[in-house]
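Enquirer: Just dropping this structure here.
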Amino acid sequence: MKLKRVDALESNDKLGKALLNDDGKVLLNKGVGLSPRLIKRLNENHIKYVYIEDSETDDIVVEQPLSDETRVKALQTMKEEFTVIGKDEKLATSLRAEKVSENFTNVVDMVLDDVKGHSEAVSLLSDVMLFDSYIFSHSLQVTIYSLRLAMELGYSDKQLREIGLGAILHDVGKMKLPEEILNKRGKLTEDEFKEIKKHPENGYYILKDMPNVPLLAAHCALQHHERLDGSGYPSGLTDKEMHDYAKVISVADVFDAVTSHRVYRSAMLPSQGLEILYSGAGTLFDYEKVAAFQKVVALYPSGMKIDLSDGSKGVVVKQNKNLPHRPVVRVTEENGETVSEPYDIDLLFKTNITITGSETYEDIE
């Protein structure tokens, strides 16, 4: 399979991986020919990349960090329980609160089990799924990134569950904000941004008295927009005042935010998202956590077309553990011409060759 930009698809391309909605329903099956009408639908639903069938790369195996079962269960739980939280002003004192916290704990355990069983660097760029709400998909993806980062940093199982709950609930305070502000296309007004900045405190007050939810999870919601230099919100905390879990989640939160499509801007590539983190490492974000994050996220997902420093072009075949910026690449072009027999090179050992570019939307805009 090869990863291809939706706006570069051609009518003879065939889908290499099924397209699901967040209820797990198959919307387009693997092998379906992509007509101009279907390509238009993909664009309208803000899907930027899909896998297509390709004879030169049909042996590429794409490992996803979550099973379809876990992903669907997590999204359904968030839809149901976030809606309850948004409507119930006295949730923390109601009998329903215990069921809500139990459901989230079960989901975090499922996600953690899947992430522990995933050996490759994490890539969510190619998760071909339609989402009803950015809040749900973002919360799940931040949970995946946070858990994988926390595993790399050596946290215990108890700590991983606490971080997982903090991550999956970090944006729950947004359920108290007006939808017209959350989904606004274009720049927010000063007053609208003030409303948005209330969501960490909203989340803290929702979670702090909820049974079976650790108080640390409430502090993750409260602190995930704080920054080491005191420039964050809502309290302007500095490095030593921030909880370590919040430092983990803030890295995952920013990375997923900039690499996901939003109503007001297009997604960056993973390599560009990491550059954003490194530009703030040591001032906005904990340097150790950014450096660890680089080891666990796929900067060039399997199936992506890339350019190499020797002038050749190829497709990423698989990731190298702890060095995802040095993947195995299948060379398909040399000196501007298609090679008759594509061959693989491992950039872990070909130290004189580097990746100089990859497919981006800017290339053809």
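In the structure tokens, chains take the letters A, B, ... in the order shown, each chain's residues start at 1, and ligands count up from 1 in the order shown.
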Near region 34-43 of chain A, within 8 Å and counting only C-alpha atoms, which residues show up once chain neighbours fewer than 6 positions away are dropped, as a list in words?

Expert: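 Answer for this query is Val6, Asp7, Leu9, Glu10, Ser11, Asn12, Asp13, Lys14 and Leu15 of chain A.
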
Enquirer: Please produce, as JSON lines, a per-residue contact table for region 262-360 of chain A versus region 138-162 of chain A (criterion: any atom at most 9 Å away, only C-alpha atoms considered), showing the nearest atom pair and its distance in Å to one decimal, sorted by chain then residue number.

Expert:
```
{"residue": "A:Glu288", "atom": "CA", "partner": "A:Leu153", "partner_atom": "CA", "distance": 8.9}
{"residue": "A:Lys289", "atom": "CA", "partner": "A:Leu149", "partner_atom": "CA", "distance": 7.5}
{"residue": "A:Ala292", "atom": "CA", "partner": "A:Glu152", "partner_atom": "CA", "distance": 6.6}
{"residue": "A:Phe293", "atom": "CA", "partner": "A:Leu149", "partner_atom": "CA", "distance": 5.6}
{"residue": "A:Lys295", "atom": "CA", "partner": "A:Glu152", "partner_atom": "CA", "distance": 8.2}
{"residue": "A:Val296", "atom": "CA", "partner": "A:Leu149", "partner_atom": "CA", "distance": 6.7}
{"residue": "A:Val297", "atom": "CA", "partner": "A:Tyr145", "partner_atom": "CA", "distance": 7.9}
```

Enquirer: If you keep all heavy atoms, can you produce a file of those selected residues as a PDB file, in the first residue's frame?

Expert:
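Generated file (part_38.pdb):
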```pdb
ATOM      1  N   GLU A 288      13.214  17.077  27.809  1.00  0.00           N
ATOM      2  CA  GLU A 288      13.332  15.620  27.903  1.00  0.00           C
ATOM      3  C   GLU A 288      12.121  14.938  27.265  1.00  0.00           C
ATOM      4  O   GLU A 288      12.260  13.918  26.585  1.00  0.00           O
ATOM      5  CB  GLU A 288      13.437  15.201  29.378  1.00  0.00           C
ATOM      6  CG  GLU A 288      13.490  13.689  29.578  1.00  0.00           C
ATOM      7  CD  GLU A 288      13.230  13.248  31.006  1.00  0.00           C
ATOM      8  OE1 GLU A 288      12.760  14.074  31.807  1.00  0.00           O
ATOM      9  OE2 GLU A 288      13.483  12.079  31.317  1.00  0.00           O
ATOM     10  N   LYS A 289      10.953  15.502  27.466  1.00  0.00           N
ATOM     11  CA  LYS A 289       9.735  14.885  26.938  1.00  0.00           C
ATOM     12  C   LYS A 289       9.625  15.054  25.420  1.00  0.00           C
ATOM     13  O   LYS A 289       9.155  14.164  24.714  1.00  0.00           O
ATOM     14  CB  LYS A 289       8.516  15.441  27.671  1.00  0.00           C
ATOM     15  CG  LYS A 289       8.496  14.967  29.126  1.00  0.00           C
ATOM     16  CD  LYS A 289       7.468  15.655  29.966  1.00  0.00           C
ATOM     17  CE  LYS A 289       7.487  15.102  31.401  1.00  0.00           C
ATOM     18  NZ  LYS A 289       8.802  15.177  32.055  1.00  0.00           N
ATOM     19  N   ALA A 292      12.045  12.526  23.959  1.00  0.00           N
ATOM     20  CA  ALA A 292      11.482  11.175  24.050  1.00  0.00           C
ATOM     21  C   ALA A 292      10.353  10.993  23.052  1.00  0.00           C
ATOM     22  O   ALA A 292      10.196   9.910  22.465  1.00  0.00           O
ATOM     23  CB  ALA A 292      10.989  10.911  25.478  1.00  0.00           C
ATOM     24  N   PHE A 293       9.572  12.051  22.843  1.00  0.00           N
ATOM     25  CA  PHE A 293       8.442  11.974  21.906  1.00  0.00           C
ATOM     26  C   PHE A 293       8.944  11.698  20.488  1.00  0.00           C
ATOM     27  O   PHE A 293       8.313  10.956  19.731  1.00  0.00           O
ATOM     28  CB  PHE A 293       7.656  13.285  21.952  1.00  0.00           C
ATOM     29  CG  PHE A 293       6.318  13.215  21.255  1.00  0.00           C
ATOM     30  CD1 PHE A 293       5.285  12.456  21.773  1.00  0.00           C
ATOM     31  CD2 PHE A 293       6.094  13.929  20.083  1.00  0.00           C
ATOM     32  CE1 PHE A 293       4.054  12.390  21.144  1.00  0.00           C
ATOM     33  CE2 PHE A 293       4.869  13.883  19.450  1.00  0.00           C
ATOM     34  CZ  PHE A 293       3.839  13.106  19.982  1.00  0.00           C
ATOM     35  N   LYS A 295      11.200   9.819  19.616  1.00  0.00           N
ATOM     36  CA  LYS A 295      11.523   8.402  19.468  1.00  0.00           C
ATOM     37  C   LYS A 295      10.295   7.530  19.239  1.00  0.00           C
ATOM     38  O   LYS A 295      10.419   6.389  18.793  1.00  0.00           O
ATOM     39  CB  LYS A 295      12.254   7.899  20.722  1.00  0.00           C
ATOM     40  CG  LYS A 295      13.612   8.534  20.958  1.00  0.00           C
ATOM     41  CD  LYS A 295      14.248   7.958  22.213  1.00  0.00           C
ATOM     42  CE  LYS A 295      15.604   8.568  22.487  1.00  0.00           C
ATOM     43  NZ  LYS A 295      16.216   8.004  23.714  1.00  0.00           N
ATOM     44  N   VAL A 296       9.107   8.042  19.558  1.00  0.00           N
ATOM     45  CA  VAL A 296       7.924   7.177  19.539  1.00  0.00           C
ATOM     46  C   VAL A 296       6.871   7.571  18.507  1.00  0.00           C
ATOM     47  O   VAL A 296       5.865   6.884  18.355  1.00  0.00           O
ATOM     48  CB  VAL A 296       7.264   7.119  20.943  1.00  0.00           C
ATOM     49  CG1 VAL A 296       8.247   6.583  21.971  1.00  0.00           C
ATOM     50  CG2 VAL A 296       6.721   8.472  21.378  1.00  0.00           C
ATOM     51  N   VAL A 297       7.099   8.661  17.788  1.00  0.00           N
ATOM     52  CA  VAL A 297       6.127   9.089  16.789  1.00  0.00           C
ATOM     53  C   VAL A 297       6.742   8.940  15.402  1.00  0.00           C
ATOM     54  O   VAL A 297       7.920   9.247  15.189  1.00  0.00           O
ATOM     55  CB  VAL A 297       5.667  10.546  17.040  1.00  0.00           C
ATOM     56  CG1 VAL A 297       6.801  11.528  16.869  1.00  0.00           C
ATOM     57  CG2 VAL A 297       4.509  10.919  16.125  1.00  0.00           C
TER      58      VAL A 297
END
```

Enquirer: Could you list, as an MDAnalysis selection string, every residue within 10 Å of Gly336 (chain A), counting only C-alpha atoms and ignoring same-chain residues fewer than 4 positions away?

Expert: chainID A and resid 311:313 332

Enquirer: Which of region 36-267 of chain A end up as strand (DSSP E or B) when DSSP is run on this backbone - answer as a PyMOL selection string?

Expert: chain A and resi 49-52+122+129-130+229+238+262+265

Enquirer: Based on the selection just made, write N, CA, C and O atoms of those residues as a short mmCIF file (atom, residue, chain, number, x, y, z; two decimals), in the first residue's frame.

Expert:
```
data_model
loop_
_atom_site.label_atom_id
_atom_site.label_comp_id
_atom_site.auth_asym_id
_atom_site.auth_seq_id
_atom_site.Cartn_x
_atom_site.Cartn_y
_atom_site.Cartn_z
N TYR A 49 -5.25 12.14 3.54
CA TYR A 49 -4.45 11.05 3.02
C TYR A 49 -5.26 9.76 3.08
O TYR A 49 -6.04 9.54 4.00
N VAL A 50 -5.06 8.90 2.08
CA VAL A 50 -5.62 7.55 2.13
C VAL A 50 -4.56 6.59 1.60
O VAL A 50 -3.64 6.99 0.87
N TYR A 51 -4.69 5.32 1.99
CA TYR A 51 -3.84 4.30 1.41
C TYR A 51 -4.48 3.80 0.12
O TYR A 51 -5.70 3.59 0.06
N ILE A 52 -3.67 3.63 -0.91
CA ILE A 52 -4.16 3.08 -2.17
C ILE A 52 -3.39 1.81 -2.49
O ILE A 52 -2.26 1.61 -2.02
N VAL A 122 4.38 5.55 16.57
CA VAL A 122 2.95 5.82 16.39
C VAL A 122 2.70 6.75 15.21
O VAL A 122 3.33 7.80 15.09
N MET A 129 -10.72 7.50 9.02
CA MET A 129 -11.97 7.40 9.76
C MET A 129 -12.63 8.77 9.79
O MET A 129 -11.97 9.79 9.92
N LEU A 130 -13.96 8.78 9.63
CA LEU A 130 -14.71 10.03 9.72
C LEU A 130 -15.18 10.24 11.14
O LEU A 130 -15.69 9.31 11.78
N ASP A 229 7.67 28.56 30.77
CA ASP A 229 8.11 29.94 31.00
C ASP A 229 7.03 30.84 31.58
O ASP A 229 7.23 32.05 31.72
N THR A 238 4.76 28.11 36.09
CA THR A 238 6.08 27.89 35.50
C THR A 238 6.52 26.45 35.75
O THR A 238 5.81 25.67 36.39
N ARG A 262 -8.33 21.21 11.18
CA ARG A 262 -9.27 22.01 11.95
C ARG A 262 -10.12 22.83 11.00
O ARG A 262 -9.75 23.04 9.84
N ARG A 265 -7.89 25.70 9.70
CA ARG A 265 -6.60 25.52 9.03
C ARG A 265 -6.37 24.04 8.71
O ARG A 265 -6.98 23.15 9.30
#
```

Enquirer: For each of A:Asn106, A:Ser101, A:Ser250, A:Ser302, take the minimum atom-to-atom distance to Met210 (chain A), counting only C-alpha atoms, then give the residue where this is smallest.

Expert: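 Nearest candidate to Met210 (chain A) out of A:Asn106, A:Ser101, A:Ser250, A:Ser302: A:Ser101.
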